[in-house]
$ cat input.pdb   # PDB, C-alpha atoms
MODEL        1
ATOM      1  CA  MET A 201     137.974 -96.271  31.830
ATOM      2  CA  ILE A 202     136.260 -93.383  33.640
ATOM      3  CA  SER A 203     135.241 -90.176  31.862
ATOM      4  CA  ILE A 204     135.731 -86.914  33.798
ATOM      5  CA  GLU A 205     133.896 -83.597  33.551
ATOM      6  CA  LYS A 206     136.008 -80.872  31.896
ATOM      7  CA  ASP A 207     136.858 -77.388  33.137
ATOM      8  CA  ARG A 208     134.644 -75.233  30.896
ATOM      9  CA  ARG A 209     137.639 -72.998  30.033
ATOM     10  CA  ILE A 210     139.342 -75.837  28.135
ATOM     11  CA  THR A 211     136.194 -77.212  26.491
ATOM     12  CA  PRO A 212     137.012 -75.700  23.051
ATOM     13  CA  PHE A 213     140.312 -77.598  23.008
ATOM     14  CA  ILE A 214     139.636 -80.835  24.914
ATOM     15  CA  LYS A 215     137.216 -83.483  23.667
ATOM     16  CA  GLU A 216     137.317 -85.702  26.738
ATOM     17  CA  ILE A 217     139.229 -86.474  29.931
ATOM     18  CA  PHE A 218     139.414 -90.045  31.136
ATOM     19  CA  LEU A 219     141.180 -92.158  33.737
ATOM     20  CA  LEU A 220     142.858 -95.515  33.307
ATOM     21  CA  ASP A 221     144.133 -97.420  36.325
ATOM     22  CA  SER A 222     144.899-100.844  37.691
ATOM     23  CA  ASP A 223     146.138-102.229  41.015
ATOM     24  CA  ASP A 224     147.188-105.466  39.343
ATOM     25  CA  ASN A 225     150.857-106.435  39.665
ATOM     26  CA  SER A 226     150.868-108.185  36.292
ATOM     27  CA  GLU A 227     151.949-106.816  32.913
ATOM     28  CA  THR A 228     149.457-104.695  30.930
ATOM     29  CA  THR A 229     149.366-103.683  27.277
ATOM     30  CA  LEU A 230     146.975-100.927  26.229
ATOM     31  CA  PRO A 231     146.271-100.619  22.486
ATOM     32  CA  PHE A 232     145.937 -97.206  20.833
ATOM     33  CA  TYR A 233     144.109 -97.121  17.515
ATOM     34  CA  ALA A 234     143.637 -94.344  14.990
ATOM     35  CA  ASP A 235     140.691 -92.205  16.125
ATOM     36  CA  GLY A 236     141.602 -88.741  14.822
ATOM     37  CA  TYR A 237     142.414 -87.263  18.239
ATOM     38  CA  PRO A 238     145.851 -86.548  19.712
ATOM     39  CA  GLY A 239     146.193 -86.235  23.484
ATOM     40  CA  ILE A 240     148.141 -85.357  26.599
ATOM     41  CA  LEU A 241     148.881 -88.180  29.035
ATOM     42  CA  PHE A 242     150.231 -88.263  32.583
ATOM     43  CA  SER A 243     151.178 -91.630  34.069
ATOM     44  CA  GLU A 244     152.120 -92.895  37.501
ATOM     45  CA  THR A 245     153.840 -96.278  37.265
ATOM     46  CA  GLU A 246     156.493 -98.283  39.071
ATOM     47  CA  SER A 247     158.593 -98.483  35.912
ATOM     48  CA  PRO A 248     158.498 -96.352  32.730
ATOM     49  CA  VAL A 249     155.653 -96.813  30.275
ATOM     50  CA  ARG A 250     157.028 -98.365  27.095
ATOM     51  CA  LEU A 251     155.819 -97.514  23.593
ATOM     52  CA  LEU A 252     155.468-100.514  21.291
ATOM     53  CA  PRO A 253     156.505-101.509  18.663
ATOM     54  CA  SER A 254     159.323 -98.909  18.864
ATOM     55  CA  ASN A 255     160.241-100.255  22.343
ATOM     56  CA  LYS A 256     160.855 -96.726  23.639
ATOM     57  CA  ASP A 257     160.454 -95.674  27.274
ATOM     58  CA  LEU A 258     158.111 -92.701  27.626
ATOM     59  CA  PRO A 259     158.265 -89.748  30.022
ATOM     60  CA  ASP A 260     155.601 -89.347  32.725
ATOM     61  CA  PHE A 261     153.991 -86.385  30.957
ATOM     62  CA  PHE A 262     153.765 -86.206  27.182
ATOM     63  CA  LEU A 263     151.674 -85.255  24.177
ATOM     64  CA  TYR A 264     150.957 -87.927  21.584
ATOM     65  CA  GLY A 265     150.123 -87.143  17.975
ATOM     66  CA  GLN A 266     147.748 -88.679  15.474
ATOM     67  CA  THR A 267     147.785 -92.478  15.568
ATOM     68  CA  ILE A 268     148.121 -93.786  12.013
ATOM     69  CA  GLU A 269     149.471 -97.263  12.663
ATOM     70  CA  PRO A 270     148.296 -99.140  15.782
ATOM     71  CA  ILE A 271     150.603 -98.696  18.777
ATOM     72  CA  GLU A 272     150.593-100.084  22.316
ATOM     73  CA  LEU A 273     151.585 -98.867  25.753
ATOM     74  CA  TYR A 274     153.219-101.504  27.953
ATOM     75  CA  MET A 275     153.280-101.292  31.764
ATOM     76  CA  ALA A 276     154.600-103.679  34.398
ATOM     77  CA  GLY A 277     152.662-103.541  37.660
ATOM     78  CA  PRO A 278     150.034-101.069  38.950
ATOM     79  CA  TYR A 279     149.444 -97.854  37.016
ATOM     80  CA  LYS A 280     147.367 -94.702  37.012
ATOM     81  CA  MET A 281     146.878 -92.607  33.875
ATOM     82  CA  ILE A 282     145.058 -89.395  33.079
ATOM     83  CA  VAL A 283     144.404 -88.717  29.404
ATOM     84  CA  PHE A 284     143.268 -85.379  27.997
ATOM     85  CA  GLN A 285     141.974 -86.135  24.511
ATOM     86  CA  LEU A 286     142.634 -83.083  22.320
ATOM     87  CA  TYR A 287     140.692 -81.791  19.365
ATOM     88  CA  PRO A 288     142.858 -82.327  16.256
ATOM     89  CA  PHE A 289     143.833 -78.670  15.783
ATOM     90  CA  ALA A 290     145.098 -78.302  19.372
ATOM     91  CA  THR A 291     148.528 -79.931  18.892
ATOM     92  CA  ARG A 292     150.012 -77.083  16.873
ATOM     93  CA  LEU A 293     148.303 -74.495  19.054
ATOM     94  CA  LEU A 294     149.666 -75.900  22.324
ATOM     95  CA  ILE A 295     153.263 -76.797  21.454
ATOM     96  CA  ASN A 296     153.851 -75.058  18.095
ATOM     97  CA  GLN A 297     155.132 -78.245  16.466
ATOM     98  CA  ASN A 298     154.302 -79.629  13.049
ATOM     99  CA  PRO A 299     151.563 -82.193  13.838
ATOM    100  CA  LYS A 300     152.730 -84.389  10.963
ATOM    101  CA  ASP A 301     156.092 -84.863  12.717
ATOM    102  CA  LEU A 302     154.228 -86.298  15.723
ATOM    103  CA  ASN A 303     152.187 -88.939  13.885
ATOM    104  CA  ASP A 304     152.605 -92.234  15.796
ATOM    105  CA  LYS A 305     155.027 -90.446  18.139
ATOM    106  CA  CYS A 306     155.099 -88.862  21.585
ATOM    107  CA  TYR A 307     156.471 -85.440  22.525
ATOM    108  CA  ASP A 308     158.099 -84.932  25.930
ATOM    109  CA  LEU A 309     156.415 -81.810  27.319
ATOM    110  CA  ASN A 310     159.539 -81.148  29.372
ATOM    111  CA  ASP A 311     161.168 -80.096  26.092
ATOM    112  CA  LEU A 312     159.014 -76.960  25.956
ATOM    113  CA  GLU A 313     161.153 -73.930  26.768
ATOM    114  CA  ASN A 314     158.494 -71.285  27.412
ATOM    115  CA  ILE A 315     156.795 -72.927  30.394
ATOM    116  CA  ASP A 316     157.952 -74.621  33.626
ATOM    117  CA  THR A 317     156.809 -78.151  32.858
ATOM    118  CA  GLU A 318     159.104 -79.678  35.483
ATOM    119  CA  LEU A 319     157.264 -77.823  38.249
ATOM    120  CA  THR A 320     153.940 -79.117  36.931
ATOM    121  CA  ILE A 321     155.301 -82.679  36.842
ATOM    122  CA  THR A 322     156.612 -82.351  40.415
ATOM    123  CA  ASN A 323     153.195 -81.184  41.582
ATOM    124  CA  LEU A 324     151.419 -83.898  39.610
ATOM    125  CA  ARG A 325     153.455 -86.622  41.293
ATOM    126  CA  LYS A 326     152.385 -85.383  44.747
ATOM    127  CA  ALA A 327     148.710 -84.704  43.957
ATOM    128  CA  ASP A 328     145.550 -86.778  44.142
ATOM    129  CA  THR A 329     143.486 -87.490  41.016
ATOM    130  CA  GLU A 330     141.179 -84.480  41.289
ATOM    131  CA  SER A 331     144.106 -82.114  41.822
ATOM    132  CA  ARG A 332     146.000 -83.693  38.923
ATOM    133  CA  ILE A 333     143.124 -82.981  36.569
ATOM    134  CA  GLN A 334     143.092 -79.349  37.673
ATOM    135  CA  LEU A 335     146.887 -79.066  37.354
ATOM    136  CA  ILE A 336     146.822 -80.392  33.787
ATOM    137  CA  SER A 337     143.872 -78.137  32.936
ATOM    138  CA  ASP A 338     145.788 -75.120  34.273
ATOM    139  CA  TYR A 339     148.888 -76.215  32.342
ATOM    140  CA  ILE A 340     146.891 -76.381  29.093
ATOM    141  CA  LEU A 341     145.384 -72.962  29.766
ATOM    142  CA  ALA A 342     148.894 -71.573  30.336
ATOM    143  CA  LEU A 343     150.046 -73.026  27.004
ATOM    144  CA  ILE A 344     147.056 -71.460  25.246
ATOM    145  CA  LYS A 345     147.791 -68.094  26.848
ATOM    146  CA  ILE A 346     151.400 -67.989  25.638
ATOM    147  CA  SER A 347     150.734 -69.553  22.238
ATOM    148  CA  SER A 348     151.738 -67.556  19.184
ATOM    149  CA  VAL A 349     149.781 -69.844  16.841
ATOM    150  CA  ASN A 350     146.550 -68.701  15.226
ATOM    151  CA  PRO A 351     144.467 -71.764  14.291
ATOM    152  CA  ASP A 352     143.169 -71.825  10.722
ATOM    153  CA  LYS A 353     139.426 -71.184  11.117
ATOM    154  CA  SER A 354     138.556 -72.784   7.774
ATOM    155  CA  ILE A 355     140.398 -75.973   8.720
ATOM    156  CA  LYS A 356     138.760 -76.018  12.167
ATOM    157  CA  LEU A 357     135.405 -75.832  10.399
ATOM    158  CA  ALA A 358     136.430 -78.593   7.991
ATOM    159  CA  VAL A 359     137.482 -80.821  10.902
ATOM    160  CA  SER A 360     134.191 -80.210  12.734
ATOM    161  CA  THR A 361     132.234 -80.957   9.565
ATOM    162  CA  ILE A 362     134.090 -84.236   8.982
ATOM    163  CA  ILE A 363     133.582 -85.287  12.615
ATOM    164  CA  ASP A 364     129.873 -84.383  12.556
ATOM    165  CA  ALA A 365     129.466 -86.386   9.339
ATOM    166  CA  LYS A 366     131.390 -89.284  10.928
ATOM    167  CA  GLY A 367     133.784 -89.132   7.997
ATOM    168  CA  ASN A 368     131.036 -89.668   5.431
ATOM    169  CA  ILE A 369     131.420 -86.498   3.415
ATOM    170  CA  PRO A 370     133.040 -86.112  -0.028
ATOM    171  CA  ILE A 371     136.179 -83.990   0.321
ATOM    172  CA  LYS A 372     135.330 -82.265  -2.983
ATOM    173  CA  GLN A 373     132.016 -81.162  -1.481
ATOM    174  CA  LEU A 374     133.763 -79.919   1.642
ATOM    175  CA  ARG A 375     136.266 -77.906  -0.404
ATOM    176  CA  ALA A 376     133.418 -76.332  -2.382
ATOM    177  CA  GLN A 377     131.738 -75.240   0.858
ATOM    178  CA  LEU A 378     134.970 -73.577   1.998
ATOM    179  CA  TYR A 379     135.886 -72.105  -1.426
ATOM    180  CA  ILE A 380     139.395 -73.614  -1.268
ATOM    181  CA  THR A 381     141.325 -75.254  -4.102
ATOM    182  CA  GLU A 382     142.332 -78.904  -3.733
ATOM    183  CA  ARG A 383     146.059 -78.240  -3.373
ATOM    184  CA  THR A 384     145.598 -75.371  -0.902
ATOM    185  CA  PHE A 385     143.076 -77.328   1.171
ATOM    186  CA  GLU A 386     145.336 -80.366   1.469
ATOM    187  CA  ARG A 387     148.372 -78.233   2.348
ATOM    188  CA  ARG A 388     146.569 -76.196   5.006
ATOM    189  CA  PHE A 389     144.772 -79.234   6.459
ATOM    190  CA  THR A 390     147.992 -81.251   6.772
ATOM    191  CA  LYS A 391     149.758 -78.273   8.386
ATOM    192  CA  GLU A 392     147.063 -77.980  11.064
ATOM    193  CA  ILE A 393     146.123 -81.630  11.632
ATOM    194  CA  GLY A 394     149.085 -83.752  10.525
ATOM    195  CA  VAL A 395     147.176 -85.876   8.017
ATOM    196  CA  THR A 396     145.411 -85.132   4.727
ATOM    197  CA  PRO A 397     141.644 -84.483   4.654
ATOM    198  CA  LYS A 398     141.044 -87.889   3.048
ATOM    199  CA  GLN A 399     143.143 -89.647   5.704
ATOM    200  CA  PHE A 400     141.326 -87.833   8.487
ATOM    201  CA  ALA A 401     137.892 -88.630   7.073
ATOM    202  CA  LYS A 402     138.881 -92.295   6.751
ATOM    203  CA  ILE A 403     140.129 -92.366  10.373
ATOM    204  CA  ILE A 404     136.940 -90.743  11.658
TER     205      ILE A 404
ENDMDL
END
$ encode --input "input.pdb" --output "structure tokens"
Amino acid sequence: MISIEKDRRITPFIKEIFLLDSDDNSETTLPFYADGYPGILFSETESPVRLLPSNKDLPDFFLYGQTIEPIELYMAGPYKMIVFQLYPFATRLLINQNPKDLNDKCYDLNDLENIDTELTITNLRKADTESRIQLISDYILALIKISSVNPDKSIKLAVSTIIDAKGNIPIKQLRAQLYITERTFERRFTKEIGVTPKQFAKII
């Protein structure tokens, strides 16, 4: 796995960019564990990437939600993948979907109606690695520009606090810092992130 420097314009939304590739003709299974971060993935493979255990073929370009239960990506033959690891609040901002509905699932970015994803995919298939990273960065910036979602600043702060504390912070203490009731905090957090504050802290 190779980590890539980010375009500074997407830094507030992207935690990390990394590459995964193999020239091996054998079968490969990549495990995905709960880490608190959704992501956008582009793959170049000889046959479709398969999501396990659901045994579902995935599109070349998709957004994956929070991983709650361990999943795996299965590939046969050589592959190249670029992963943009998103900050947890970015899912709703970018595609205006309920993050909870995407837990342990993948969203085909071609389903978005307000942006020409097919053109981006066509260009990605023809580009080299450096150009692909720029194309995906530009695509994310375009999604941000047209987004009608206003991220919840209190929840963004709560997420940052939990991450900085590596999950070791009492949720009651966090709520007190934000002056939010338990029920309201859990509802707003789940709406933005897809999991409850306690679940997120445990994952982190």
$ closest_atom_pairs --input "input.pdb" --of "region 290-336 of chain A" --to "region 250-271 of chain A" --cutoff "7 Å" --atoms "only C-alpha atoms" --output "JSON lines"
{"residue": "A:Pro299", "atom": "CA", "partner": "A:Gly265", "partner_atom": "CA", "distance": 6.6}
{"residue": "A:Leu302", "atom": "CA", "partner": "A:Gly265", "partner_atom": "CA", "distance": 4.8}
{"residue": "A:Asn303", "atom": "CA", "partner": "A:Gln266", "partner_atom": "CA", "distance": 4.7}
{"residue": "A:Asp304", "atom": "CA", "partner": "A:Thr267", "partner_atom": "CA", "distance": 4.8}
{"residue": "A:Lys305", "atom": "CA", "partner": "A:Tyr264", "partner_atom": "CA", "distance": 5.9}
{"residue": "A:Cys306", "atom": "CA", "partner": "A:Tyr264", "partner_atom": "CA", "distance": 4.2}
{"residue": "A:Tyr307", "atom": "CA", "partner": "A:Leu263", "partner_atom": "CA", "distance": 5.1}
{"residue": "A:Asp308", "atom": "CA", "partner": "A:Phe262", "partner_atom": "CA", "distance": 4.7}
{"residue": "A:Leu309", "atom": "CA", "partner": "A:Phe262", "partner_atom": "CA", "distance": 5.1}
$ residues_around --input "input.pdb" --residues "Ile403 (chain A)" --least-positions-apart "5" --cutoff "8 Å" --atoms "only C-alpha atoms" --output "VMD selection string"
chain A and resid 234 to 236 367
$ resolve_selection --input "input.pdb" --expression "the PyMOL selection byres ((chain A and resi 340-353) around 9)" --output "MDAnalysis selection string"
chainID A and resid 209:210 289:290 292:296 314:315 335:339 354:358 388:389 392
$ residues_around --input "input.pdb" --residues "Leu230 (chain A)" --least-positions-apart "4" --cutoff "7 Å" --atoms "only C-alpha atoms" --output "short mmCIF file (atom, residue, chain, number, x, y, z; two decimals) with C-alpha atoms, keeping the file's coordinate frame"
data_model
loop_
_atom_site.label_atom_id
_atom_site.label_comp_id
_atom_site.auth_asym_id
_atom_site.auth_seq_id
_atom_site.Cartn_x
_atom_site.Cartn_y
_atom_site.Cartn_z
CA GLU A 272 150.59 -100.08 22.32
CA LEU A 273 151.58 -98.87 25.75
CA TYR A 274 153.22 -101.50 27.95
#
$ closest_residue --input "input.pdb" --among "A:Ala376, A:Ile393, A:Leu324, A:Leu286" --to "Asp301 (chain A)" --atoms "all atoms listed in the file"
A:Ile393
$ closest_residue --input "input.pdb" --among "A:Pro238, A:Thr229, A:Ile380, A:Lys215" --to "Thr291 (chain A)" --atoms "all atoms listed in the file"
A:Pro238
$ resolve_selection --input "input.pdb" --expression "the PyMOL selection byres ((chain A and resi 285) around 8)" --output "ChimeraX atom specification"
/A:214-217,237-240,283-284,286-287
$ axis_aligned_box --input "input.pdb" --around "region 267-281 of chain A" --padding-each-side "5 Å" --output "JSON"
{"center_x": 150.7, "center_y": -98.1, "center_z": 25.5, "size_x": 17.7, "size_y": 21.2, "size_z": 36.9}
$ closest_residue --input "input.pdb" --among "A:Leu312, A:Ile369, A:Met281, A:Val359" --to "Arg325 (chain A)" --atoms "all atoms listed in the file"
A:Met281
$ atom_distance --input "input.pdb" --atom1 "CA of Thr396 (chain A)" --atom2 "CA of Pro370 (chain A)"
13.3 Å
$ closest_residue --input "input.pdb" --among "A:Glu244, A:Asp364, A:Asp316, A:Glu382" --to "Leu219 (chain A)" --atoms "all atoms listed in the file"
A:Glu244
$ atom_distance --input "input.pdb" --atom1 "CA of Thr329 (chain A)" --atom2 "CA of Ile204 (chain A)"
10.6 Å
$ build_atoms --input "input.pdb" --residues "region 381-399 of chain A" --atoms "N, CA and C atoms" --output "JSON list (two decimals), keeping the file's coordinate frame"
[["chain", "number", "residue", "atom", "x", "y", "z"],
["A", 381, "THR", "N", 140.87, -74.35, -3.07],
["A", 381, "THR", "CA", 141.32, -75.25, -4.10],
["A", 381, "THR", "C", 141.85, -76.55, -3.47],
["A", 382, "GLU", "N", 141.92, -77.60, -4.25],
["A", 382, "GLU", "CA", 142.33, -78.90, -3.73],
["A", 382, "GLU", "C", 143.73, -78.86, -3.12],
["A", 383, "ARG", "N", 144.67, -78.27, -3.85],
["A", 383, "ARG", "CA", 146.06, -78.24, -3.37],
["A", 383, "ARG", "C", 146.18, -77.41, -2.10],
["A", 384, "THR", "N", 145.53, -76.24, -2.08],
["A", 384, "THR", "CA", 145.60, -75.37, -0.90],
["A", 384, "THR", "C", 144.94, -76.02, 0.31],
["A", 385, "PHE", "N", 143.80, -76.67, 0.08],
["A", 385, "PHE", "CA", 143.08, -77.33, 1.17],
["A", 385, "PHE", "C", 143.93, -78.43, 1.79],
["A", 386, "GLU", "N", 144.53, -79.26, 0.95],
["A", 386, "GLU", "CA", 145.34, -80.37, 1.47],
["A", 386, "GLU", "C", 146.55, -79.84, 2.22],
["A", 387, "ARG", "N", 147.19, -78.79, 1.69],
["A", 387, "ARG", "CA", 148.37, -78.23, 2.35],
["A", 387, "ARG", "C", 148.02, -77.63, 3.71],
["A", 388, "ARG", "N", 146.96, -76.85, 3.75],
["A", 388, "ARG", "CA", 146.57, -76.20, 5.01],
["A", 388, "ARG", "C", 146.05, -77.21, 6.02],
["A", 389, "PHE", "N", 145.31, -78.21, 5.56],
["A", 389, "PHE", "CA", 144.77, -79.23, 6.46],
["A", 389, "PHE", "C", 145.91, -80.03, 7.09],
["A", 390, "THR", "N", 146.86, -80.46, 6.27],
["A", 390, "THR", "CA", 147.99, -81.25, 6.77],
["A", 390, "THR", "C", 148.83, -80.44, 7.75],
["A", 391, "LYS", "N", 148.99, -79.15, 7.48],
["A", 391, "LYS", "CA", 149.76, -78.27, 8.39],
["A", 391, "LYS", "C", 149.11, -78.20, 9.76],
["A", 392, "GLU", "N", 147.78, -78.13, 9.79],
["A", 392, "GLU", "CA", 147.06, -77.98, 11.06],
["A", 392, "GLU", "C", 146.84, -79.30, 11.79],
["A", 393, "ILE", "N", 146.60, -80.38, 11.03],
["A", 393, "ILE", "CA", 146.12, -81.63, 11.63],
["A", 393, "ILE", "C", 147.16, -82.75, 11.59],
["A", 394, "GLY", "N", 148.05, -82.72, 10.60],
["A", 394, "GLY", "CA", 149.08, -83.75, 10.52],
["A", 394, "GLY", "C", 148.79, -84.86, 9.55],
["A", 395, "VAL", "N", 147.57, -84.90, 9.04],
["A", 395, "VAL", "CA", 147.18, -85.88, 8.02],
["A", 395, "VAL", "C", 146.38, -85.13, 6.95],
["A", 396, "THR", "N", 146.19, -85.76, 5.79],
["A", 396, "THR", "CA", 145.41, -85.13, 4.73],
["A", 396, "THR", "C", 143.92, -85.20, 5.07],
["A", 397, "PRO", "N", 143.09, -84.40, 4.40],
["A", 397, "PRO", "CA", 141.64, -84.48, 4.65],
["A", 397, "PRO", "C", 141.08, -85.88, 4.41],
["A", 398, "LYS", "N", 141.53, -86.54, 3.35],
["A", 398, "LYS", "CA", 141.04, -87.89, 3.05],
["A", 398, "LYS", "C", 141.45, -88.88, 4.14],
["A", 399, "GLN", "N", 142.69, -88.77, 4.61],
["A", 399, "GLN", "CA", 143.14, -89.65, 5.70],
["A", 399, "GLN", "C", 142.30, -89.42, 6.95]]
